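Chemist: One structure follows; several queries about it will come next.
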Amino acid sequence: MSLLLEVDGAEKRFGGLPALDGVTFGVDEGEILAVVGPNGAGKSTLLKTIGGLERLTAGSISLSGSKLDGLPPYRIRHRGVAMVMQTPQAFASMTARENAVLGAMFGSATGLLSEREARVRAEEALGFVGLSDRAEDPVATFNLHQLRFLELARALAGHPRLLLLDEVMAGLNDAELEASIGIVRTVRNQLGVTVIWVEHVMKAVMNLAERILVLDFGTMLAEGAPADVMRDPSVIEAYLGSSSSA
Amino acid sequence: MTAVVLDGIVLGLQFGLLGVGLTLVYGLGGVLNLAHGQLAVLGAIAVWLAIGTGLPVLPAVVVGLAAIGLLGFLLDTTLMRPVYARRGDERVLLGLLLTLGVAFIIDGLLNWRYPIASLNISIGGDPISILGVRMRTGSLLASTIAIAAAGLLLLFFRGTTLGRGVRSVIQDEEGARLVGINPASVRNLIFALSAVLAGLVAVTRSMTSPVSASAGIDFTILALIVAVVGGLGSILGAFVAGILLGIVNTVSSFYIGQYITTIVLLAAAALTILLRPSGLLGRRK
Ligand SMILES: Nc1ncnc2c1ncn2[C@@H]1O[C@H](COP(=O)(O)OP(=O)(O)OP(=O)(O)O)[C@@H](O)[C@H]1O
Ligand SMILES: [Mg+2]
């Protein structure tokens, strides 16, 4: 397998405090990597620096060997990195379809598609997440679960290579959780999209992730296969010590 | 009375076109372009110069509007850059100061080079009767152009993904970036479009009354009033406000007097801010 994403010595400071400190890892093409850690560990910050929404204060990030850090978010999106944020971002005044078409039209590699092509891709993506029959509905009527699926569709409509998901399974009931796990797995299996996925819901992580990276206070505590990492004493202590919701 | 109201609608459609450019630029970048009216007049003078070289009116209008659009684009990519690089109050203040500077420069240049220039496009033909009111062909043509332009704009912004892309930047710039939109190039294009629309309004105005080189400030004030009453950032709001204010304008100048009309319009704007701070159709934050 070839290396898709390389994060090397990533550091992000807000004022004096580091939210990320010397984070170094790689992600293979087609891999599902879960990022876990207590609240405030720097997980969202890590995704945002990859997506270009936050700038690194030191270190570098590259995709297929070409430099990603320093590029504006829309450029990074055109390189094939799509993101679903922790708080839903879909445009509430538009319908689900309009949102997905936006993602297809502006999120694709060329940065602009024809209206027709964008509609085709949007329809596919909505179908993929099972929202075809809600396409005409205004986003304002969606519940949290549907909003996340819509954002996933909006991201997929741009045909990304790398998908960044930030706690998309928080607050779901068991059935919704099952569905979400299934969809993320299909995204990888059928579309070949690589996934970096921040998650607190350990049940889902153990079920879906192929590798886990544990962050605590911006540094990497552990990295490896799910079962191994979860037995790591430093990881256990970080979780028990912080009494987080995980 | 019908005649006065119809006149008001004719005027109001043009007010709407004038306001919509200002409102779009504000919505996208937080900049109230105080040179908006000067760009309108500069467009009219560009058309006047083109006609002066012997071009027929229609090609002259196309050339003049293209020139003003290009100028808008250049202004946004050069002078406005430091404005967009800042956030919050700093951006607002720097934007006001720089565009005010541009307004003075354009006024100064026009006053120096073309002090007595004025565009006056006369449209021949007999008056046509509408709702029992005889309308001059110039007014009718001006309204037709304004209606067509307004229709195209609304179609673009509501009916196409490109237009929705622009609106998405107004609603949530970070969200727009996330879907792959480059807000800076959207701003460039819209600034250019806004200049073209301003120029177009000056051209349609000149079909009913001459537009002089010194009319910039009047256009700017009008655009500000329309945009504020309609709700800054609201496209439909600008048109609704434009038509309402157009009617207020003609009614008040007919029954009260021309000299007091600007004050009536300003009062309408002030009243709107008091009653509905976000304007008629603006989003409440
Ligand atoms: N824009 C910002 N300005 C200042 N500090 C920030 C900013 N964003 C994040 N931080 C800080 O950086 C640290 C890491 O935040 P981050 O959101 O990445 O954590 P997280 O691991 O995603 O937490 P959670 O599980 O609660 O989502 C926190 O201490 C947070 O307060
Ligand atoms: Mg987070």
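Order determines the names: the first chain of the structure tokens is A, the second B, and so forth; residues in each chain are numbered 1 upward, and ligands are numbered 1 upward as they are shown.
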Contacts of region 18-20 of chain A at 9 Å or less, counting only C-alpha atoms, minus same-chain residues fewer than 2 places along, as a ChimeraX atom specification?
Modeler: /A:10-16,22-23,40-43,45-46,56,215,217-220
Chemist: Would you list the residues that come within 12 Å of ligand 2? Count only C-alpha atoms and all ligand atoms and give the answer as a PyMOL selection string.
Modeler: chain A and resi 19+35-48+84-87+165-168+170+197-200+215+218
Chemist: Apply DSSP to the backbone of this structure and, from region 39-232 of chain A, keep only the residues in helix (DSSP H, G or I); write these as a PyMOL selection string.
Modeler: chain A and resi 43-51+73-78+96-107+115-128+132-134+139-141+144-156+174-191+202-208+226-231
Chemist: Between B:Ala223, B:Thr160, B:Met135, B:Ala202, which has the minimum distance to chain A (counting only C-alpha atoms)?
Modeler: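 Smallest separation from chain A among the options: B:Thr160.
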Chemist: Report, in Å with one decimal, the straight-line distance from CA of Val31 (chain B) to CA of Val201 (chain B).
Modeler: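 Separation between CA of Val31 (chain B) and CA of Val201 (chain B): 20.6 Å.
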Chemist: Compare B:Leu178, B:Val229, B:Leu109, B:Leu193 by their minimum atom-to-atom distance to chain A, counting only C-alpha atoms, and give me the closest one.
Modeler: B:Leu178
Chemist: Hey, list the chain B side of the contact with chain A: 8 Å cut-off, only C-alpha atoms, answer as a CSV table (one decimal) with N, CA, C and O atoms, in the first residue's frame.
Modeler:
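Writing the result to selection.csv gives the following:
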```csv
chain,number,residue,atom,x,y,z
B,160,THR,N,-29.4,29.0,-10.0
B,160,THR,CA,-28.2,28.2,-10.4
B,160,THR,C,-27.3,27.9,-9.3
B,160,THR,O,-27.3,28.6,-8.3
B,161,THR,N,-26.5,26.9,-9.4
B,161,THR,CA,-25.6,26.5,-8.4
B,161,THR,C,-24.5,27.5,-8.2
B,161,THR,O,-24.0,27.8,-7.1
B,164,ARG,N,-25.9,30.1,-6.1
B,164,ARG,CA,-26.1,29.7,-4.7
B,164,ARG,C,-24.7,29.6,-4.1
B,164,ARG,O,-24.5,29.9,-2.9
B,165,GLY,N,-23.7,29.4,-4.9
B,165,GLY,CA,-22.3,29.4,-4.4
B,165,GLY,C,-22.0,30.8,-3.9
B,165,GLY,O,-21.4,31.0,-2.8
B,168,SER,N,-23.8,31.4,-0.7
B,168,SER,CA,-23.2,30.6,0.4
B,168,SER,C,-22.1,31.4,1.1
B,168,SER,O,-21.9,31.3,2.3
B,171,GLN,N,-23.7,33.8,3.4
B,171,GLN,CA,-24.2,33.2,4.6
B,171,GLN,C,-23.2,32.7,5.6
B,171,GLN,O,-23.3,32.9,6.8
B,172,ASP,N,-22.1,32.1,5.0
B,172,ASP,CA,-21.1,31.5,5.9
B,172,ASP,C,-19.8,31.3,5.1
B,172,ASP,O,-19.7,30.3,4.4
B,175,GLY,N,-18.0,28.0,5.8
B,175,GLY,CA,-18.7,26.8,5.2
B,175,GLY,C,-18.5,26.8,3.7
B,175,GLY,O,-18.3,25.7,3.2
B,177,ARG,N,-15.9,27.9,2.1
B,177,ARG,CA,-14.5,27.4,1.8
B,177,ARG,C,-14.4,25.9,1.9
B,177,ARG,O,-13.7,25.2,1.2
B,178,LEU,N,-15.2,25.4,2.9
B,178,LEU,CA,-15.2,24.0,3.1
B,178,LEU,C,-15.7,23.2,2.0
B,178,LEU,O,-15.3,22.1,1.7
B,179,VAL,N,-16.7,23.7,1.2
B,179,VAL,CA,-17.2,23.0,0.0
B,179,VAL,C,-16.3,23.3,-1.2
B,179,VAL,O,-16.6,22.8,-2.3
B,180,GLY,N,-15.2,24.1,-1.0
B,180,GLY,CA,-14.3,24.2,-2.1
B,180,GLY,C,-14.4,25.5,-2.9
B,180,GLY,O,-13.8,25.7,-3.9
B,181,ILE,N,-15.2,26.5,-2.3
B,181,ILE,CA,-15.3,27.8,-2.9
B,181,ILE,C,-14.2,28.7,-2.5
B,181,ILE,O,-13.8,28.8,-1.3
B,182,ASN,N,-13.7,29.5,-3.4
B,182,ASN,CA,-12.7,30.5,-3.1
B,182,ASN,C,-13.4,31.8,-2.9
B,182,ASN,O,-13.7,32.5,-3.9
```
Chemist: Suppose you want the space between CA of Leu5 (chain A) and CA of Val27 (chain A); what is it in Å?
Modeler: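 CA of Val27 (chain A) lies 5.1 Å from CA of Leu5 (chain A).
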Chemist: Rounded to one decimal place, report the CA of Met80 (chain B)-CA of Ala198 (chain B) distance in Å.
Modeler: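 We find that CA of Met80 (chain B) and CA of Ala198 (chain B) lie 18.2 Å from each other.
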Chemist: Give me, as a PyMOL selection string, all polymer residues having an atom no more than 12 Å from Gly132 (chain B), counting only C-alpha atoms and skipping those fewer than 6 positions away in the same chain.
Modeler: chain B and resi 1-3+6
Chemist: Next, write the just-selected residues to a file, as a PDB file, in the first residue's frame, keeping C-alpha atoms as the atom set.
Modeler:
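Writing done, so here's again.pdb:
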```
ATOM      1  CA  MET B   1     -52.041  59.182  -8.757  1.00  0.00           C
ATOM      2  CA  THR B   2     -51.599  56.081 -10.950  1.00  0.00           C
ATOM      3  CA  ALA B   3     -49.153  58.032 -13.068  1.00  0.00           C
ATOM      4  CA  LEU B   6     -46.076  54.050 -12.143  1.00  0.00           C
TER       5      LEU B   6
END
```
Chemist: So, with only C-alpha atoms as the atoms that count, which of B:Leu71, B:Leu96, B:Leu18, B:Val25 lies closest to Thr204 (chain B)?
Modeler: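 For Thr204 (chain B), the nearest of the candidates is B:Leu18.
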Chemist: Assign secondary structure with DSSP using the backbone only, and return the residues of region 126-192 of chain B in strand (DSSP E) as a ChimeraX atom specification.
Modeler: /B:128-130,133-135
Chemist: Given the choices B:Leu131, B:Leu49, B:Leu280, B:Leu11, which gets closest to Ile235 (chain B) if the distance is worked out from only C-alpha atoms?
Modeler: B:Leu280
Chemist: Hey, what's within 10 Å of Ile106 (chain B) if we count only C-alpha atoms and toss same-chain stuff fewer than 5 positions away? As a compact mmCIF listing (two decimals) with N, CA and C atoms, in the first residue's frame, please?
Modeler:
```txt
# COMPACT_ATOMS: atom_id res chain seq x y z
N ALA B 35 -17.95 54.39 -3.01
CA ALA B 35 -17.71 54.90 -4.36
C ALA B 35 -18.71 54.30 -5.35
N GLN B 38 -20.18 56.81 -7.66
CA GLN B 38 -19.16 57.35 -8.56
C GLN B 38 -18.84 56.36 -9.67
N LEU B 39 -18.86 55.06 -9.33
CA LEU B 39 -18.66 54.06 -10.38
C LEU B 39 -19.79 54.12 -11.39
N VAL B 41 -21.57 56.75 -12.23
CA VAL B 41 -21.39 57.93 -13.07
C VAL B 41 -20.21 57.74 -14.02
N LEU B 42 -19.14 57.15 -13.51
CA LEU B 42 -17.99 56.89 -14.37
C LEU B 42 -18.41 56.00 -15.54
N LEU B 100 -14.18 55.64 0.19
CA LEU B 100 -14.44 57.09 0.20
C LEU B 100 -13.34 57.80 -0.59
N GLY B 101 -12.10 57.36 -0.40
CA GLY B 101 -10.98 57.91 -1.16
C GLY B 101 -11.20 57.74 -2.66
N ASN B 111 -14.46 65.98 -12.46
CA ASN B 111 -14.64 67.42 -12.37
C ASN B 111 -13.54 68.17 -13.10
N TRP B 112 -12.35 67.57 -13.12
CA TRP B 112 -11.20 68.19 -13.75
C TRP B 112 -11.25 68.02 -15.27
N ALA B 213 -21.75 64.53 -14.59
CA ALA B 213 -20.51 63.99 -14.03
C ALA B 213 -20.45 64.14 -12.51
N SER B 214 -21.27 65.03 -11.96
CA SER B 214 -21.19 65.28 -10.52
C SER B 214 -22.27 64.54 -9.74
N GLY B 216 -22.42 61.50 -8.77
CA GLY B 216 -21.97 60.32 -8.04
C GLY B 216 -22.49 60.22 -6.63
```
Chemist: Residues within 8 Å of Ser234 (chain B), please, as an MDAnalysis selection string. Count only C-alpha atoms; anything in the same chain fewer than 3 positions from it doesn't count.
Modeler: chainID B and resid 20 23:24 27 230:231 237:238 281:283
